[in-house]
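Take a look at the structure set out below.
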Amino acid sequence: MPVSGAWDQLHTVGPAAALFAGAGVVLTADLIDRRAPVRVLTLLALAAGALYTLWHALTGSASGPGLEAFEGAVVLDRFALYFAFLLIAVTAAVTVVAAEFTSRIEQSGEFHSLLLISAGAMVLLAQANDLIILFVALETTSIAQFVLAGIGRDDRSSEAGLKYLLTGAVSAAVLLYGFALLWGISGATSFDGIAAFVGQGDEGTQLALIFAFVLVTAGLGFKLAIAPFQAWAPDVYQGAPTPVTTFLSVASKAAGFAIVLRVFYAGFGGAGTFISDDWAALFAVLAGVSMTFGNIAAMLQTDVKRLLAYSSIAQAGNIAVGVAAVAAGSTLGPSGVLFFLAAYAATNLGAFIVVIAVSERIGSDQLGDYAGLLKRSPLLSVILVLCLLSLTGIPPTAGFLAKLYVFNAAIQTGETRLVWLVGVAVLNTAIAAFYYLRWARLVVLDEPSDASPVRATISARVLLAVAAAVVLLFGLVPAPLISAAQRAAEVLQSS
Amino acid sequence: MLTLFLLLPLGGAAMLAVTPNERKEEARWIALVFSSLAFAVSAVIFVRFMLELNSDAGVEGYLFIDRFAWINARDAGFDVQYFLGVDGLSAPMVLLTGLLSLVAVLISWRIELRVREYFIWLLVLETAVAGVFMSLDLIQFFLFWELELLPMYMLISIWGSGRKEYSAMKFLLFTIAGSAFMLLAFLVLGLSADSFDIEVLTANPPAETIVPLSLLFWGVMAAFLVKLPVFPVHTWLPDAHTDAPTAVSVLLAGVLLKMGGYGILRIALPVLPGEARDFRYVLAAIAAVSVVYGAVLTLRQTDLKRLVAYSSVSHMGYVLLGVATMGAVGMSGAALQMFTHGTITGLLFIMVGLVYDRTHTREIPEMSGLMHRMPVIGAVMLIAGLASLGLPALSGFVAEVTIFLGAIAEHPAATIAAVFGVVLAAGYILWAVERVFMGPPSDRWAHLDDATGWWERLAMGGMVLSIVAVGIFPRILTDAVESGIAPIAAIVGAA
C-alpha cells in the first residue's frame, strides 16, 4: 500500500531514522563534552529504534504487502521488521561488549556514532525496494564499517581498515556495473519495474540478465563474505578490533542475505521465472565452494579470529544452500534462511563475546591460549563449547535445527543437483566438527599454562547467558522462531 | 513413561551440574540414584510390555506412545514430531540401556578425576541412547543419534588412556561422516512420503524418490554399518574401546553398537524393503568377512581389552548375517544377539577393567595364574567367556543358533564361514582365559586382591544373572523380539 505525505513516509523508515538521529546526538554530545555517556546514548537510540519497530509490528502497519513510501523506493513489511529486530539486537550486544574496548580508545564518540550509522543503514537496506536506495544504504553501512575496522590505533587495525576499504570499493564498482546493466536492459531502477520486465520472459535478454545478476551477486558476495569473494575477510576479521569483527560477521552478513533475498524475489521475480534456474545454479556453486573452502582453511588456523573468519565463510555457504533452494522454488527456503541467520547471530555473538572477554584478560587470540579455559572460567568455557556445538550443528542447539531447516528446504525442491549440494554440505559438517571440536577439546581437556582465573565483566556475562539461552531455546523449542521467520518470508513469496 | 525414562538421567545430570565440585561422594550417589531410577523405569516398561504381549489382546504396533508436534510447518513440508513408542524390538533394548547404564555407574565408583563431569556425561549418554531406541520420527531419531557424540567424545578423551584424544576424534569423525549420509537419505525419504514418521514410512515404503532408492539404502546403511561396525569401517572401534574407560567400553559395546543393528531393523529394512532384499547377498558377504576377519584379528591380540574389542567386530558380524536373511528367524536371532552380546561383552569389559585395575597392565603375556589371587573375577570371566563363545545354557548360544538356523538356507556359504567364526571364538576366548588366569601363580601378582567392592560384586552379579537367565529361559526375550520382528519380516518378505 503506497503512502503519501512527508510524515507518513518518514514513519515507514522510523527505526532507521531513530538510529541515524541517535548517531547525530552521540556525535554532538561527544563534541560538547568528551566525557559524555555516549554508550548510554547509543543504547537509548537502539532502544528507540527497537520500540519503533515493535510499534510497527503491533499496529500491523507492516502486515500483508506492507507500506510503500518514497515512490515505492522503500517498503515496510514483516520481512524488513524481522531484520530490523535482528540487526538492532546484534548492534546493542556489540555496543555492550565493546565497553572495555571503547574506554581505551579516544574516539569513543566516533565509534558509537559510526556503529549507529552502519546499523541504521542496514535496517534501511532490508527495506530497500529500488536499486538506488539499495546502493546508497549499502555504501553508507560499508563506509562506516571501513572506518570502524581501522579504528583500533595499531598497524593491524589500520591495515584491516584499508584492505576492507579497497576490496569494498572494487566490489561496489562491480555491483554498480551490474545495476547499470540491469537498468540498461529493463529501463527501471525499482525492483517492481525490473520484476515486471523479467516477467515478460524475453529470451533475448536472458544472457544479459544472467550477466547482470552475476555482477550483482559478486558485489553482494563481498558483504556476505562468501567464497570466492571472501579474500578480505580473514585479514580484516583478525586485524579489526574484536567488537567490530563481531559486528561484521553477524550483522553485516545478515543484512547481506536480507538484500540477496529481496533482490531475488522483488527484483528478479522470485522462483519460476526463466532465469531462476540460473540463479539457483549460481548459488548452489557458491554454496559448495564457500563451505568447502572455508572449512578446509579453518582447519589450518591458529588464531581464533581467523578461524572464526573462515568458519563464517563456511557458514555463508550453508546459508547459500537455503538461497539456492529459494531459487529452485522451495517454499521453505526463505524462512530457512531467516531462521539460520537468527540462530547464527545468537551463536556467533556468543562465541565472539567469549573471544572478546578472553582477549581483554589474557591479551591473546591464539588458539593455544584457550587451553584449559574450563579451569580458569567455567562460565565462558561452557558457553563457548555450546556455541561451538551450535556452529557444528550438533543437537540440541539452534545451529542443528538451522542446518536441518535449510538442508530440508533444498531437498524439498526435489532437484537432484540440490541433493548433491546437500551431500557436499553434510560432509562438510564432518570437517567442521574437526576444528570446532578441537577448539572445544582444548578448552575442556587441556591443562592451562597459567591457572589464573579469567573473569568477564558483569554485562558480558549477562549477554552470554542470553545468547546461550537463545541457542538452547531455539534448539529445543524452535516453533516461535520458525513461525516468525515464516511470516516474515510470506511477503516475499506473495510479491 | 518413555519420556520419564528420557528425563530421569537428564534430571540427574542437571542436579550434578549444580553440585559443588569437591563433593565427589555425593556426585556418585546422585548418579547412582538417578540411574537406578532409570533402570527401574526401563524394567517397568519391559515388564508391562511383556504383560501386554501375553494378554489376550496381544500387541499391535507400538505401546506407551508419547507424541506431539515439535516443528509444525506442515504445508511447507517440514513437520517433525516428538514421537516415542516401544515394540518388541525396542523394549529389550530399552531394558538393556537401563541395565548397562546402572552397571556403568557402579563400575565407575573408583573414578577420582573430575567425578561430577564424568557422571554428567554418562547420564547424558544414557538419555541419548535411550532416545535412539524409542524415537519413531526420523528427525528425532537423528537428533538423539547425534546427541550421543559429544558425551562419548568427552568420556573417551578425558577419562580414557593411551592415545585417547586420537581415538575419541576418530570415533567422532567416523560417526559424523556416516550419519551425514543418513541425514541426507532421511531428508529425501521425508520428501517422498511427506512425513518423517517412521510408522507412516513403514506402512507405505516409498516407491520412487528423486535419488535412486539403492543410493538411499546405502546412505542410511552408511551410518548403521559404521556404528555396528563391520569390515571395512570397523577401524575406529578397537581404538575407541582400548582407550575408553571401562564403563564407557561397557556402554559402547553394550548399547551403542546396538544402535547400528537396531537402526537397520527399525528403518533401513522396513522403509526400503525392496533394496534390502536386492542387496541381501552383499550384506551377507560383508557379515561373513566381518565374522572371520574379526575373529582372526582377535586371535592375534596380546592386549586383553583389544582382544574383547575385536571380538565385538566378529560378533556384530552375526547380527548383520541374521539381518541379511530377511527372514523372521534370522532377524529375531539378530535382535537376540544384540541383547545378549550387550550383556556378555559388557561383562567381559567389566572383567578386563577389574583385572587392569589390579594389575595395571593389559598385556596378556605378562599375566599368569591370576585365578589363585582372584577366584571370583576369574570365575566370572570364564562364565562371560563361555557365554561369548556360545556355550549352551548361556544366552549367547540361543542367539547364535537362531541366527544360523535362519541363515543356513538363504546364505549357506556365509553361514558356514560364520560357524567357523564360532570355532575361532572358542579358540581366542579359552586361550586368553588360560593365559591370564590359569598356569602357575606368579610372584609379581602375589599382592593382588579379588573383587571386594560392593559395587563391583553388584555389577558382576546382575550381569551374570541376566546371561544365565536368558540362556536357560530364553522365552523372556524371544517372545518380545519375535513380536517386534514379525511385522518387519512381513514387509521385507512381501517386497
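If you're wondering about the labels, chains in the C-alpha cells are A, B, ... by order shown, residues count from 1 in each chain, ligands from 1 in order shown.
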Test item: chain B residues at most 10 Å from chain A, counting only C-alpha atoms, as a PyMOL selection string: chain B and resi 69-73+75-78+139+142-150+153-154+157-159+165+169-170+172-192+194+209-211
Shell of 10 Å around Gln107 of chain A, only C-alpha atoms, local chain residues under 3 positions omitted, as a list in words: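 These residues fall inside the cut-off: Asp30, Arg34, Thr102, Ser103, Arg104, Glu110, Phe111, His112, Ile151, Gly152 and Arg153 of chain A.
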Given only C-alpha atoms as the counted atoms, nearest of B:Ala284, B:Met367, B:Val255, B:Val468 to Met438 of chain B: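 With only C-alpha atoms as the atom set, the closest residue is B:Met367.
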For Ala62 of chain A: contacts at 7 Å, only C-alpha atoms, fewer than 3 positions along chain excluded, given as a ChimeraX atom specification: /A:56-57,66-67,76-78
Residues within 12 Å of Gly160 of chain B, only C-alpha atoms, excluding chain neighbours under 6 positions, as a PyMOL selection string: (chain A and resi 445) or (chain B and resi 111+113+118+152-154+166-168+239-249)
Exercise: Pro392 of chain B partners within 12 Å, only C-alpha atoms, chain neighbours under 6 positions left out, as a ChimeraX atom specification: /B:383,386,398-401,467-468,470-474
Would you save the residues of that selection, restricted to C-alpha atoms, as a compact mmCIF listing (two decimals), in the first residue's frame?
# COMPACT_ATOMS: atom_id res chain seq x y z
CA ILE B 383 31.37 -67.53 32.54
CA LEU B 386 31.93 -69.27 27.71
CA VAL B 398 20.39 -69.03 21.92
CA ALA B 399 21.08 -66.03 19.75
CA GLU B 400 23.76 -67.62 17.58
CA VAL B 401 21.84 -70.81 16.97
CA ILE B 467 23.19 -64.03 30.99
CA VAL B 468 22.20 -67.23 32.77
CA VAL B 470 18.25 -65.68 29.19
CA GLY B 471 20.34 -68.78 28.49
CA ILE B 472 18.12 -71.10 30.49
CA PHE B 473 14.82 -69.42 29.85
CA PRO B 474 15.12 -67.61 26.51
Residues near Leu448 of chain B, cut-off 8 Å, only C-alpha atoms, skip fewer than 3 positions along chain, as number ranges by chain: B: 358-359, 373-374, 445
Two-atom distance - atom CA of Asp443 of chain B, atom CA of Gly385 of chain B (Å): 25.8 Å
How close does each residue of segment 194-264 of chain B get to segment 292-300 of chain B, giving the shortest atom pair and distance in Å to one decimal for every residue with an atom at most 12 Å away, counting only C-alpha atoms, sorted by chain and residue number, as a tab-separated table?
residue	atom	partner	partner_atom	distance
B:Pro229	CA	B:Gly294	CA	10.6
B:Val230	CA	B:Gly294	CA	8.8
B:Phe231	CA	B:Tyr293	CA	7.9
B:Pro232	CA	B:Tyr293	CA	9.9
B:Val233	CA	B:Gly294	CA	11.9
B:His234	CA	B:Gly294	CA	9.3
B:Thr235	CA	B:Gly294	CA	10.7
B:Leu237	CA	B:Gly294	CA	11.3
B:Pro238	CA	B:Thr298	CA	10.3
Residues within 9 Å of Phe197 of chain A, only C-alpha atoms, excluding chain neighbours under 6 positions, as a PyMOL selection string: chain A and resi 185-188+268
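We find atom CA of Leu464 of chain A and atom CA of Ser249 of chain A to be spaced 17.1 Å apart.
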Residue nearest Ile488 of chain B among B:Gly11, B:Pro270, B:Gly254, B:Gly85 (counting only C-alpha atoms):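 For Ile488 of chain B, the nearest of the candidates is B:Pro270.
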Secondary structure check, alpha helix (DSSP H) residues of segment 153-358 of chain A, as number ranges by chain: A: 155-186, 191-199, 206-224, 232-239, 242-247, 253-262, 268, 276-299, 304-327, 333-358
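Computed from the coordinates, the atom CA of Arg306 of chain A to atom CA of Pro241 of chain A distance equals 12.7 Å.
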From A:Phe179, A:Trp439, A:Phe101, A:Phe70, residue lying nearest Glu360 of chain A [only C-alpha atoms]: A:Phe101
Pick from B:Leu7, B:Ile30, B:Ile264, B:Ala104, whichever lies nearest to Thr127 of chain B using only C-alpha atoms: B:Leu7
